[in-house]
>>> print(open('query.cif').read())   # mmCIF, C-alpha atoms, pLDDT in the B column; chains and numbers go by the auth columns
data_protein
loop_
_atom_site.group_PDB
_atom_site.id
_atom_site.type_symbol
_atom_site.label_atom_id
_atom_site.label_comp_id
_atom_site.label_asym_id
_atom_site.label_seq_id
_atom_site.Cartn_x
_atom_site.Cartn_y
_atom_site.Cartn_z
_atom_site.B_iso_or_equiv
_atom_site.auth_seq_id
_atom_site.auth_asym_id
ATOM 1 C CA MET A 1 92.381 47.940 119.653 57.00 1 A
ATOM 2 C CA LYS A 2 89.335 50.088 120.283 66.00 2 A
ATOM 3 C CA PRO A 3 88.761 52.312 117.232 70.00 3 A
ATOM 4 C CA ILE A 4 88.592 56.062 117.627 86.00 4 A
ATOM 5 C CA SER A 5 85.239 57.396 116.444 93.00 5 A
ATOM 6 C CA VAL A 6 85.328 58.857 112.947 96.00 6 A
ATOM 7 C CA LYS A 7 81.815 60.275 113.117 96.00 7 A
ATOM 8 C CA ASP A 8 83.010 63.878 113.088 95.00 8 A
ATOM 9 C CA ALA A 9 85.515 63.211 110.297 95.00 9 A
ATOM 10 C CA VAL A 10 83.050 61.937 107.686 97.00 10 A
ATOM 11 C CA SER A 11 79.842 63.182 106.101 97.00 11 A
ATOM 12 C CA ALA A 12 76.451 62.371 107.585 97.00 12 A
ATOM 13 C CA GLU A 13 75.777 60.151 104.554 97.00 13 A
ATOM 14 C CA GLU A 14 78.973 58.184 105.057 98.00 14 A
ATOM 15 C CA TRP A 15 78.303 57.804 108.771 98.00 15 A
ATOM 16 C CA LYS A 16 74.874 56.310 108.021 98.00 16 A
ATOM 17 C CA ALA A 17 76.501 53.870 105.590 98.00 17 A
ATOM 18 C CA ARG A 18 79.038 52.946 108.265 98.00 18 A
ATOM 19 C CA VAL A 19 76.357 52.316 110.885 98.00 19 A
ATOM 20 C CA ASP A 20 74.277 50.244 108.463 98.00 20 A
ATOM 21 C CA CYS A 21 77.316 48.205 107.429 98.00 21 A
ATOM 22 C CA ALA A 22 78.353 47.601 111.050 98.00 22 A
ATOM 23 C CA MET A 23 74.781 46.494 111.746 98.00 23 A
ATOM 24 C CA LEU A 24 75.101 43.902 108.992 98.00 24 A
ATOM 25 C CA TYR A 25 78.265 42.453 110.476 98.00 25 A
ATOM 26 C CA ARG A 26 76.639 42.204 113.901 98.00 26 A
ATOM 27 C CA LEU A 27 73.460 40.678 112.427 98.00 27 A
ATOM 28 C CA VAL A 28 75.448 38.032 110.559 98.00 28 A
ATOM 29 C CA ALA A 29 77.222 37.156 113.818 98.00 29 A
ATOM 30 C CA MET A 30 73.924 37.085 115.698 97.00 30 A
ATOM 31 C CA HIS A 31 72.450 34.621 113.202 97.00 31 A
ATOM 32 C CA GLY A 32 75.518 32.370 113.434 97.00 32 A
ATOM 33 C CA TRP A 33 76.463 32.955 109.808 98.00 33 A
ATOM 34 C CA ASP A 34 79.980 34.278 110.393 97.00 34 A
ATOM 35 C CA ASP A 35 83.144 32.323 109.632 96.00 35 A
ATOM 36 C CA MET A 36 85.498 33.614 112.330 95.00 36 A
ATOM 37 C CA ILE A 37 87.441 36.481 110.640 95.00 37 A
ATOM 38 C CA PHE A 38 86.650 35.326 107.100 93.00 38 A
ATOM 39 C CA THR A 39 84.019 36.403 104.520 93.00 39 A
ATOM 40 C CA HIS A 40 82.997 40.000 103.989 94.00 40 A
ATOM 41 C CA ILE A 41 80.281 42.603 103.795 97.00 41 A
ATOM 42 C CA SER A 42 80.878 45.824 101.900 97.00 42 A
ATOM 43 C CA HIS A 43 78.933 49.069 101.580 97.00 43 A
ATOM 44 C CA ARG A 44 79.424 51.768 98.974 97.00 44 A
ATOM 45 C CA VAL A 45 80.215 55.201 100.373 97.00 45 A
ATOM 46 C CA PRO A 46 77.755 57.784 98.972 95.00 46 A
ATOM 47 C CA GLY A 47 79.439 60.160 96.557 92.00 47 A
ATOM 48 C CA PRO A 48 81.281 60.157 93.223 91.00 48 A
ATOM 49 C CA GLU A 49 84.579 58.700 94.456 90.00 49 A
ATOM 50 C CA HIS A 50 83.661 54.994 94.150 90.00 50 A
ATOM 51 C CA HIS A 51 84.860 54.205 97.640 95.00 51 A
ATOM 52 C CA PHE A 52 83.430 51.457 99.789 94.00 52 A
ATOM 53 C CA LEU A 53 83.619 50.149 103.344 97.00 53 A
ATOM 54 C CA ILE A 54 84.830 46.675 104.274 96.00 54 A
ATOM 55 C CA ASN A 55 85.792 44.857 107.451 96.00 55 A
ATOM 56 C CA PRO A 56 89.232 45.164 109.027 95.00 56 A
ATOM 57 C CA TYR A 57 90.972 41.819 108.583 94.00 57 A
ATOM 58 C CA GLY A 58 91.324 40.010 111.886 94.00 58 A
ATOM 59 C CA MET A 59 88.316 41.491 113.646 95.00 59 A
ATOM 60 C CA PHE A 60 85.405 39.211 114.538 97.00 60 A
ATOM 61 C CA PHE A 61 82.038 40.251 113.169 98.00 61 A
ATOM 62 C CA GLU A 62 80.480 40.893 116.574 97.00 62 A
ATOM 63 C CA GLU A 63 83.332 43.337 117.313 97.00 63 A
ATOM 64 C CA ILE A 64 82.948 45.535 114.247 97.00 64 A
ATOM 65 C CA THR A 65 81.819 49.124 114.692 97.00 65 A
ATOM 66 C CA ALA A 66 81.005 51.947 112.316 98.00 66 A
ATOM 67 C CA SER A 67 84.383 53.552 112.999 97.00 67 A
ATOM 68 C CA SER A 68 86.476 50.392 112.575 97.00 68 A
ATOM 69 C CA LEU A 69 85.341 49.784 108.985 97.00 69 A
ATOM 70 C CA VAL A 70 88.079 50.427 106.424 97.00 70 A
ATOM 71 C CA LYS A 71 87.434 52.742 103.458 96.00 71 A
ATOM 72 C CA VAL A 72 89.043 51.619 100.190 95.00 72 A
ATOM 73 C CA ASP A 73 88.850 52.445 96.493 92.00 73 A
ATOM 74 C CA LEU A 74 88.141 50.020 93.665 88.00 74 A
ATOM 75 C CA GLU A 75 91.824 49.139 93.475 85.00 75 A
ATOM 76 C CA GLY A 76 91.813 48.022 97.101 85.00 76 A
ATOM 77 C CA GLN A 77 93.853 50.985 98.292 90.00 77 A
ATOM 78 C CA ILE A 78 92.969 52.338 101.735 94.00 78 A
ATOM 79 C CA VAL A 79 91.874 55.952 101.263 95.00 79 A
ATOM 80 C CA MET A 80 91.359 57.019 104.886 94.00 80 A
ATOM 81 C CA ASP A 81 93.789 56.623 107.753 91.00 81 A
ATOM 82 C CA SER A 82 93.146 53.362 109.578 92.00 82 A
ATOM 83 C CA PRO A 83 95.142 51.129 111.929 91.00 83 A
ATOM 84 C CA TYR A 84 93.731 48.105 110.078 92.00 84 A
ATOM 85 C CA PHE A 85 94.227 46.321 106.753 90.00 85 A
ATOM 86 C CA ILE A 86 91.871 44.285 104.560 92.00 86 A
ATOM 87 C CA ASN A 87 91.714 40.774 103.093 86.00 87 A
ATOM 88 C CA PRO A 88 92.532 40.849 99.334 74.00 88 A
ATOM 89 C CA ALA A 89 90.174 37.938 98.651 70.00 89 A
ATOM 90 C CA GLY A 90 87.305 40.027 99.976 74.00 90 A
ATOM 91 C CA PHE A 91 88.349 42.901 97.765 79.00 91 A
ATOM 92 C CA THR A 92 88.304 40.728 94.622 84.00 92 A
ATOM 93 C CA ILE A 93 84.687 39.620 94.914 88.00 93 A
ATOM 94 C CA HIS A 94 83.186 42.796 96.286 90.00 94 A
ATOM 95 C CA SER A 95 85.003 45.277 94.063 89.00 95 A
ATOM 96 C CA ALA A 96 83.856 43.381 90.974 92.00 96 A
ATOM 97 C CA ILE A 97 80.192 43.764 91.870 95.00 97 A
ATOM 98 C CA HIS A 98 80.438 47.344 93.121 93.00 98 A
ATOM 99 C CA ALA A 99 82.253 48.381 89.921 92.00 99 A
ATOM 100 C CA SER A 100 79.765 46.760 87.569 94.00 100 A
ATOM 101 C CA ARG A 101 76.402 47.366 89.252 94.00 101 A
ATOM 102 C CA GLU A 102 75.369 50.882 90.269 93.00 102 A
ATOM 103 C CA ASP A 103 72.469 49.375 92.206 95.00 103 A
ATOM 104 C CA ALA A 104 74.784 47.142 94.260 96.00 104 A
ATOM 105 C CA ASN A 105 75.446 49.516 97.127 97.00 105 A
ATOM 106 C CA VAL A 106 75.783 46.619 99.565 98.00 106 A
ATOM 107 C CA VAL A 107 77.308 43.162 99.007 97.00 107 A
ATOM 108 C CA ILE A 108 77.193 40.286 101.525 98.00 108 A
ATOM 109 C CA HIS A 109 79.233 37.092 101.078 97.00 109 A
ATOM 110 C CA LEU A 110 79.048 34.148 103.519 97.00 110 A
ATOM 111 C CA HIS A 111 80.466 30.647 104.071 97.00 111 A
ATOM 112 C CA THR A 112 77.715 29.057 106.167 98.00 112 A
ATOM 113 C CA ASP A 113 77.487 25.280 106.508 98.00 113 A
ATOM 114 C CA GLN A 114 74.109 25.104 104.793 98.00 114 A
ATOM 115 C CA GLY A 115 74.999 27.636 102.094 98.00 115 A
ATOM 116 C CA VAL A 116 78.193 25.805 101.163 98.00 116 A
ATOM 117 C CA ALA A 117 76.360 22.465 101.289 98.00 117 A
ATOM 118 C CA VAL A 118 73.769 23.555 98.734 98.00 118 A
ATOM 119 C CA SER A 119 76.404 25.310 96.615 98.00 119 A
ATOM 120 C CA ALA A 120 78.128 21.908 96.356 98.00 120 A
ATOM 121 C CA GLN A 121 75.003 20.115 95.101 97.00 121 A
ATOM 122 C CA LYS A 122 74.764 19.580 91.335 96.00 122 A
ATOM 123 C CA GLU A 123 71.123 20.641 91.115 95.00 123 A
ATOM 124 C CA GLY A 124 71.604 23.812 93.115 97.00 124 A
ATOM 125 C CA LEU A 125 68.687 25.279 95.037 98.00 125 A
ATOM 126 C CA LEU A 126 65.616 23.090 94.535 97.00 126 A
ATOM 127 C CA PRO A 127 61.970 24.303 94.430 97.00 127 A
ATOM 128 C CA ILE A 128 61.013 22.324 97.532 96.00 128 A
ATOM 129 C CA SER A 129 60.041 25.124 99.919 96.00 129 A
ATOM 130 C CA GLN A 130 58.123 28.379 99.704 95.00 130 A
ATOM 131 C CA THR A 131 61.292 30.183 100.765 96.00 131 A
ATOM 132 C CA ALA A 132 63.324 28.607 97.963 96.00 132 A
ATOM 133 C CA MET A 133 60.709 29.533 95.384 95.00 133 A
ATOM 134 C CA ILE A 134 60.835 33.170 96.491 94.00 134 A
ATOM 135 C CA VAL A 135 64.622 33.102 96.018 95.00 135 A
ATOM 136 C CA ARG A 136 65.063 31.053 92.842 94.00 136 A
ATOM 137 C CA GLU A 137 63.882 33.597 90.264 92.00 137 A
ATOM 138 C CA ASP A 138 66.573 35.991 91.489 95.00 138 A
ATOM 139 C CA LEU A 139 69.312 33.364 91.840 97.00 139 A
ATOM 140 C CA ALA A 140 72.514 33.164 89.769 98.00 140 A
ATOM 141 C CA TYR A 141 75.412 30.684 89.937 98.00 141 A
ATOM 142 C CA HIS A 142 79.191 31.079 89.619 97.00 142 A
ATOM 143 C CA ASP A 143 81.659 28.194 89.177 96.00 143 A
ATOM 144 C CA TYR A 144 84.400 27.732 91.749 95.00 144 A
ATOM 145 C CA GLU A 145 87.834 28.980 90.634 93.00 145 A
ATOM 146 C CA GLY A 146 89.780 28.673 93.885 89.00 146 A
ATOM 147 C CA ILE A 147 90.339 31.218 96.649 85.00 147 A
ATOM 148 C CA ALA A 148 89.324 34.591 95.213 76.00 148 A
ATOM 149 C CA LEU A 149 92.772 36.130 94.763 74.00 149 A
ATOM 150 C CA ASP A 150 92.820 36.214 90.945 77.00 150 A
ATOM 151 C CA LEU A 151 91.579 39.574 89.664 80.00 151 A
ATOM 152 C CA ASP A 152 90.739 37.959 86.321 84.00 152 A
ATOM 153 C CA GLU A 153 87.859 36.153 88.017 88.00 153 A
ATOM 154 C CA ARG A 154 85.988 39.426 88.490 89.00 154 A
ATOM 155 C CA GLU A 155 84.863 39.562 84.856 93.00 155 A
ATOM 156 C CA ARG A 156 83.374 36.062 84.999 95.00 156 A
ATOM 157 C CA LEU A 157 81.717 36.679 88.357 95.00 157 A
ATOM 158 C CA VAL A 158 80.035 39.819 87.045 96.00 158 A
ATOM 159 C CA ALA A 159 78.905 38.051 83.874 97.00 159 A
ATOM 160 C CA ASP A 160 77.333 35.232 85.897 97.00 160 A
ATOM 161 C CA LEU A 161 75.498 37.637 88.204 97.00 161 A
ATOM 162 C CA GLY A 162 74.247 39.642 85.238 96.00 162 A
ATOM 163 C CA PRO A 163 72.594 43.067 85.261 95.00 163 A
ATOM 164 C CA GLU A 164 69.453 42.181 87.212 93.00 164 A
ATOM 165 C CA LYS A 165 69.937 39.317 89.670 96.00 165 A
ATOM 166 C CA SER A 166 70.896 40.088 93.253 97.00 166 A
ATOM 167 C CA THR A 167 71.343 36.620 94.773 98.00 167 A
ATOM 168 C CA MET A 168 74.049 34.078 93.962 98.00 168 A
ATOM 169 C CA LEU A 169 75.377 30.656 94.902 98.00 169 A
ATOM 170 C CA LEU A 170 79.135 30.531 94.496 97.00 170 A
ATOM 171 C CA LYS A 171 79.572 26.831 93.713 98.00 171 A
ATOM 172 C CA ASN A 172 81.569 24.884 96.309 97.00 172 A
ATOM 173 C CA HIS A 173 82.086 28.175 98.120 96.00 173 A
ATOM 174 C CA GLY A 174 79.075 29.938 99.627 97.00 174 A
ATOM 175 C CA THR A 175 76.324 32.514 99.254 98.00 175 A
ATOM 176 C CA LEU A 176 76.192 36.111 98.061 98.00 176 A
ATOM 177 C CA THR A 177 73.568 38.845 97.897 98.00 177 A
ATOM 178 C CA CYS A 178 73.561 42.508 96.976 97.00 178 A
ATOM 179 C CA GLY A 179 71.102 45.360 97.294 97.00 179 A
ATOM 180 C CA THR A 180 70.551 49.069 97.026 97.00 180 A
ATOM 181 C CA THR A 181 70.337 49.158 100.820 97.00 181 A
ATOM 182 C CA ALA A 182 71.704 47.159 103.727 98.00 182 A
ATOM 183 C CA ALA A 183 68.159 46.137 104.568 98.00 183 A
ATOM 184 C CA MET A 184 67.491 44.600 101.147 97.00 184 A
ATOM 185 C CA ALA A 185 70.849 42.819 100.939 98.00 185 A
ATOM 186 C CA PHE A 186 70.278 41.307 104.388 98.00 186 A
ATOM 187 C CA THR A 187 66.696 40.238 103.688 97.00 187 A
ATOM 188 C CA ARG A 188 67.770 38.509 100.485 97.00 188 A
ATOM 189 C CA MET A 189 70.482 36.691 102.413 98.00 189 A
ATOM 190 C CA PHE A 190 68.034 35.729 105.148 98.00 190 A
ATOM 191 C CA PHE A 191 65.756 34.040 102.606 97.00 191 A
ATOM 192 C CA LEU A 192 68.648 32.394 100.741 98.00 192 A
ATOM 193 C CA GLU A 193 70.229 30.988 103.897 98.00 193 A
ATOM 194 C CA ARG A 194 66.897 29.705 105.219 98.00 194 A
ATOM 195 C CA ALA A 195 66.118 28.065 101.862 98.00 195 A
ATOM 196 C CA CYS A 196 69.514 26.330 101.905 98.00 196 A
ATOM 197 C CA ASN A 197 68.993 25.153 105.472 98.00 197 A
ATOM 198 C CA MET A 198 65.561 23.734 104.614 97.00 198 A
ATOM 199 C CA GLN A 199 67.001 21.915 101.606 97.00 199 A
ATOM 200 C CA VAL A 200 69.808 20.315 103.617 97.00 200 A
ATOM 201 C CA MET A 201 67.271 19.136 106.195 96.00 201 A
ATOM 202 C CA ALA A 202 64.876 17.795 103.549 95.00 202 A
ATOM 203 C CA LEU A 203 67.595 15.940 101.648 95.00 203 A
ATOM 204 C CA SER A 204 68.845 14.295 104.827 92.00 204 A
ATOM 205 C CA ALA A 205 65.978 11.830 104.344 82.00 205 A
ATOM 206 C CA GLY A 206 67.091 11.059 100.777 88.00 206 A
ATOM 207 C CA ARG A 207 66.483 12.630 97.368 87.00 207 A
ATOM 208 C CA ASP A 208 63.721 10.241 96.256 84.00 208 A
ATOM 209 C CA GLY A 209 61.232 11.329 98.885 84.00 209 A
ATOM 210 C CA VAL A 210 61.565 15.082 98.306 91.00 210 A
ATOM 211 C CA LEU A 211 58.551 16.786 96.737 90.00 211 A
ATOM 212 C CA GLU A 212 59.298 19.477 94.132 89.00 212 A
ATOM 213 C CA CYS A 213 56.704 22.042 93.058 90.00 213 A
ATOM 214 C CA ASP A 214 55.874 22.400 89.368 91.00 214 A
ATOM 215 C CA ARG A 215 56.837 25.391 87.257 91.00 215 A
ATOM 216 C CA ASP A 216 53.447 27.117 87.470 91.00 216 A
ATOM 217 C CA ILE A 217 53.545 27.116 91.259 90.00 217 A
ATOM 218 C CA GLN A 218 57.161 28.283 91.256 89.00 218 A
ATOM 219 C CA GLU A 219 56.296 31.296 89.114 88.00 219 A
ATOM 220 C CA LYS A 220 53.226 32.089 91.208 92.00 220 A
ATOM 221 C CA VAL A 221 55.156 32.038 94.482 90.00 221 A
ATOM 222 C CA ALA A 222 58.013 34.085 93.006 86.00 222 A
ATOM 223 C CA GLY A 223 55.533 36.756 91.957 85.00 223 A
ATOM 224 C CA GLN A 224 53.777 36.743 95.297 86.00 224 A
ATOM 225 C CA GLY A 225 57.032 36.973 97.202 76.00 225 A
ATOM 226 C CA SER A 226 58.259 40.008 95.299 75.00 226 A
ATOM 227 C CA ARG A 227 55.168 42.130 95.973 76.00 227 A
ATOM 228 C CA GLY A 228 55.850 44.799 98.520 75.00 228 A
ATOM 229 C CA MET A 229 59.025 43.112 99.749 85.00 229 A
ATOM 230 C CA GLU A 230 61.142 46.256 99.610 88.00 230 A
ATOM 231 C CA THR A 231 58.576 48.312 101.531 90.00 231 A
ATOM 232 C CA LEU A 232 58.151 45.623 104.188 91.00 232 A
ATOM 233 C CA THR A 233 61.898 45.268 104.537 94.00 233 A
ATOM 234 C CA GLU A 234 62.649 48.969 104.904 94.00 234 A
ATOM 235 C CA ARG A 235 59.670 49.882 107.104 95.00 235 A
ATOM 236 C CA LEU A 236 59.280 46.813 109.297 96.00 236 A
ATOM 237 C CA VAL A 237 62.138 44.305 109.057 96.00 237 A
ATOM 238 C CA TRP A 238 65.134 46.656 109.282 97.00 238 A
ATOM 239 C CA PRO A 239 63.816 48.711 112.243 97.00 239 A
ATOM 240 C CA GLY A 240 63.009 45.445 114.029 98.00 240 A
ATOM 241 C CA LEU A 241 66.503 44.126 113.428 98.00 241 A
ATOM 242 C CA LYS A 242 67.939 47.370 114.801 98.00 242 A
ATOM 243 C CA ARG A 243 65.855 47.017 117.966 98.00 243 A
ATOM 244 C CA LYS A 244 67.094 43.450 118.388 98.00 244 A
ATOM 245 C CA LEU A 245 70.716 44.497 117.988 98.00 245 A
ATOM 246 C CA ASP A 246 70.260 47.351 120.449 97.00 246 A
ATOM 247 C CA ARG A 247 69.005 44.812 122.999 97.00 247 A
ATOM 248 C CA GLU A 248 71.429 41.968 122.381 97.00 248 A
ATOM 249 C CA LEU A 249 74.586 43.263 120.710 96.00 249 A
ATOM 250 C CA PRO A 250 74.814 47.052 121.113 96.00 250 A
ATOM 251 C CA GLY A 251 77.800 49.205 120.259 96.00 251 A
ATOM 252 C CA TYR A 252 77.849 48.850 116.466 97.00 252 A
ATOM 253 C CA ASP A 253 77.249 52.595 116.049 96.00 253 A
ATOM 254 C CA ALA A 254 80.431 53.658 117.813 96.00 254 A
#
>>> encode(input="query.cif", output="structure tokens")
Amino acid sequence: MKPISVKDAVSAEEWKARVDCAMLYRLVAMHGWDDMIFTHISHRVPGPEHHFLINPYGMFFEEITASSLVKVDLEGQIVMDSPYFINPAGFTIHSAIHASREDANVVIHLHTDQGVAVSAQKEGLLPISQTAMIVREDLAYHDYEGIALDLDERERLVADLGPEKSTMLLKNHGTLTCGTTAAMAFTRMFFLERACNMQVMALSAGRDGVLECDRDIQEKVAGQGSRGMETLTERLVWPGLKRKLDRELPGYDA
């Protein structure tokens, strides 16, 4: 079903959020991080209502457009007419973070092979690559509790993420990032997924031969990686990603 454009039915601020969120879905598909119709990306709708946008259940990520996104409240109730419905498991994880963190305007959750592989390793993300060391200081962990249908899990998920960290490994499950903007949430996920991929490749040769960096180097790299990252992401990375989508997978802004 081709969605009817809602551009004229929403505010300019909401339309921008819709376009940015649709971009994220397309970018995840482009990078091969999607899991058919499963996993989710959500974006808070600007305004006091505490509404957010999430994918229509059953639509592949490369199909999602700004207009097809479903607007729901923090109870998972659809608040704008839509021919679609949502996945309750996606609502559980995303609503918890949106409700507890005012800075978490965007939440991305994935089930990639490499992300799940590292989430299933007892030691978690190791300091064996520059990319991993950029990520690790911002990385939290959450124990697996089964498919995310239990609303009681939200409290524990929020406690594990804490008030400051924006990157998480959901043990035996996958990866998660959040951000004030779509650009920052995506960039964090890009680094986390690459770090996981590098670790899987390095450990394929065996644990004994893997070289870990000491704590001083880890702290140095973490500090270096955080300098100017937001500016670079917003001014250079995000516009470049938009150009790439416009060339290779256009139509997200419909």
>>> residues_around(input="query.cif", residues="Val70 in chain A", least_positions_apart="5", cutoff="8 Å", atoms="only C-alpha atoms", output="PyMOL selection string")
chain A and resi 53-56+78+80+82+84-86
>>> atom_distance(input="query.cif", atom1="CA of Gly115 in chain A", atom2="CA of Ser42 in chain A")
19.1 Å
>>> residues_around(input="query.cif", residues="Lys242 in chain A", least_positions_apart="4", cutoff="10 Å", atoms="only C-alpha atoms", output="ChimeraX atom specification")
/A:20,23-24,27,237-238,246-250
>>> write_last_selection(input="query.cif", atoms="C-alpha atoms", output="PDB file, in the coordinates of the input")
ATOM      1  CA  ASP A  20      74.277  50.244 108.463  1.00 98.00           C
ATOM      2  CA  MET A  23      74.781  46.494 111.746  1.00 98.00           C
ATOM      3  CA  LEU A  24      75.101  43.902 108.992  1.00 98.00           C
ATOM      4  CA  LEU A  27      73.460  40.678 112.427  1.00 98.00           C
ATOM      5  CA  VAL A 237      62.138  44.305 109.057  1.00 96.00           C
ATOM      6  CA  TRP A 238      65.134  46.656 109.282  1.00 97.00           C
ATOM      7  CA  ASP A 246      70.260  47.351 120.449  1.00 97.00           C
ATOM      8  CA  ARG A 247      69.005  44.812 122.999  1.00 97.00           C
ATOM      9  CA  GLU A 248      71.429  41.968 122.381  1.00 97.00           C
ATOM     10  CA  LEU A 249      74.586  43.263 120.710  1.00 96.00           C
ATOM     11  CA  PRO A 250      74.814  47.052 121.113  1.00 96.00           C
TER      12      PRO A 250
END
>>> resolve_selection(input="query.cif", expression="the PyMOL selection byres ((chain A and resi 31) around 12)", output="list in words")
Leu24, Tyr25, Arg26, Leu27, Val28, Ala29, Met30, Gly32, Trp33, Asp34, Asp35, Phe61, Glu62, Leu110, Thr112, Phe186, Met189, Phe190, Glu193, Arg194, Leu241, Lys244, Leu245, Glu248 and Leu249 of chain A
>>> write_last_selection(input="query.cif", atoms="C-alpha atoms", output="CSV table (one decimal), in the frame of the given file")
chain,number,residue,atom,x,y,z
A,24,LEU,CA,75.1,43.9,109.0
A,25,TYR,CA,78.3,42.5,110.5
A,26,ARG,CA,76.6,42.2,113.9
A,27,LEU,CA,73.5,40.7,112.4
A,28,VAL,CA,75.4,38.0,110.6
A,29,ALA,CA,77.2,37.2,113.8
A,30,MET,CA,73.9,37.1,115.7
A,32,GLY,CA,75.5,32.4,113.4
A,33,TRP,CA,76.5,33.0,109.8
A,34,ASP,CA,80.0,34.3,110.4
A,35,ASP,CA,83.1,32.3,109.6
A,61,PHE,CA,82.0,40.3,113.2
A,62,GLU,CA,80.5,40.9,116.6
A,110,LEU,CA,79.0,34.1,103.5
A,112,THR,CA,77.7,29.1,106.2
A,186,PHE,CA,70.3,41.3,104.4
A,189,MET,CA,70.5,36.7,102.4
A,190,PHE,CA,68.0,35.7,105.1
A,193,GLU,CA,70.2,31.0,103.9
A,194,ARG,CA,66.9,29.7,105.2
A,241,LEU,CA,66.5,44.1,113.4
A,244,LYS,CA,67.1,43.4,118.4
A,245,LEU,CA,70.7,44.5,118.0
A,248,GLU,CA,71.4,42.0,122.4
A,249,LEU,CA,74.6,43.3,120.7
>>> residues_around(input="query.cif", residues="range 216-222 of chain A", least_positions_apart="3", cutoff="12 Å", atoms="all atoms listed in the file", output="mmCIF file with C-alpha atoms, in the frame of the given file")
data_model
loop_
_atom_site.group_PDB
_atom_site.id
_atom_site.type_symbol
_atom_site.label_atom_id
_atom_site.label_comp_id
_atom_site.auth_asym_id
_atom_site.auth_seq_id
_atom_site.Cartn_x
_atom_site.Cartn_y
_atom_site.Cartn_z
ATOM 1 C CA LEU A 126 65.616 23.090 94.535
ATOM 2 C CA PRO A 127 61.970 24.303 94.430
ATOM 3 C CA ILE A 128 61.013 22.324 97.532
ATOM 4 C CA SER A 129 60.041 25.124 99.919
ATOM 5 C CA GLN A 130 58.123 28.379 99.704
ATOM 6 C CA THR A 131 61.292 30.183 100.765
ATOM 7 C CA ALA A 132 63.324 28.607 97.963
ATOM 8 C CA MET A 133 60.709 29.533 95.384
ATOM 9 C CA ILE A 134 60.835 33.170 96.491
ATOM 10 C CA VAL A 135 64.622 33.102 96.018
ATOM 11 C CA ARG A 136 65.063 31.053 92.842
ATOM 12 C CA GLU A 137 63.882 33.597 90.264
ATOM 13 C CA ASP A 138 66.573 35.991 91.489
ATOM 14 C CA LEU A 139 69.312 33.364 91.840
ATOM 15 C CA GLU A 212 59.298 19.477 94.132
ATOM 16 C CA CYS A 213 56.704 22.042 93.058
ATOM 17 C CA GLY A 225 57.032 36.973 97.202
ATOM 18 C CA SER A 226 58.259 40.008 95.299
ATOM 19 C CA ARG A 227 55.168 42.130 95.973
ATOM 20 C CA MET A 229 59.025 43.112 99.749
#
>>> resolve_selection(input="query.cif", expression="the PyMOL selection byres ((chain A and resi 87-90) around 6)", output="list in words")
His40, Tyr57, Ile86, Phe91, Thr92, Ile93, Ala148 and Leu149 of chain A
>>> write_last_selection(input="query.cif", atoms="C-alpha atoms", output="PDB file, in the coordinates of the input")
ATOM      1  CA  HIS A  40      82.997  40.000 103.989  1.00 94.00           C
ATOM      2  CA  TYR A  57      90.972  41.819 108.583  1.00 94.00           C
ATOM      3  CA  ILE A  86      91.871  44.285 104.560  1.00 92.00           C
ATOM      4  CA  PHE A  91      88.349  42.901  97.765  1.00 79.00           C
ATOM      5  CA  THR A  92      88.304  40.728  94.622  1.00 84.00           C
ATOM      6  CA  ILE A  93      84.687  39.620  94.914  1.00 88.00           C
ATOM      7  CA  ALA A 148      89.324  34.591  95.213  1.00 76.00           C
ATOM      8  CA  LEU A 149      92.772  36.130  94.763  1.00 74.00           C
TER       9      LEU A 149
END
>>> atom_distance(input="query.cif", atom1="CA of Gly179 in chain A", atom2="CA of Asp103 in chain A")
6.6 Å
>>> closest_residue(input="query.cif", among="A:Ala159, A:Ala96, A:Ala182, A:Val118", to="Ala195 in chain A", atoms="all atoms listed in the file")
A:Val118
>>> resolve_selection(input="query.cif", expression="the PyMOL selection byres ((chain A and resi 180) around 9)", output="PyMOL selection string")
chain A and resi 102-106+178-179+181-185
>>> atom_distance(input="query.cif", atom1="CA of Gly174 in chain A", atom2="CA of Gln114 in chain A")
8.6 Å
>>> residues_around(input="query.cif", residues="Arg207 in chain A", least_positions_apart="4", cutoff="12 Å", atoms="all atoms listed in the file", output="PyMOL selection string")
chain A and resi 121+123+126+128+199-203+211-212
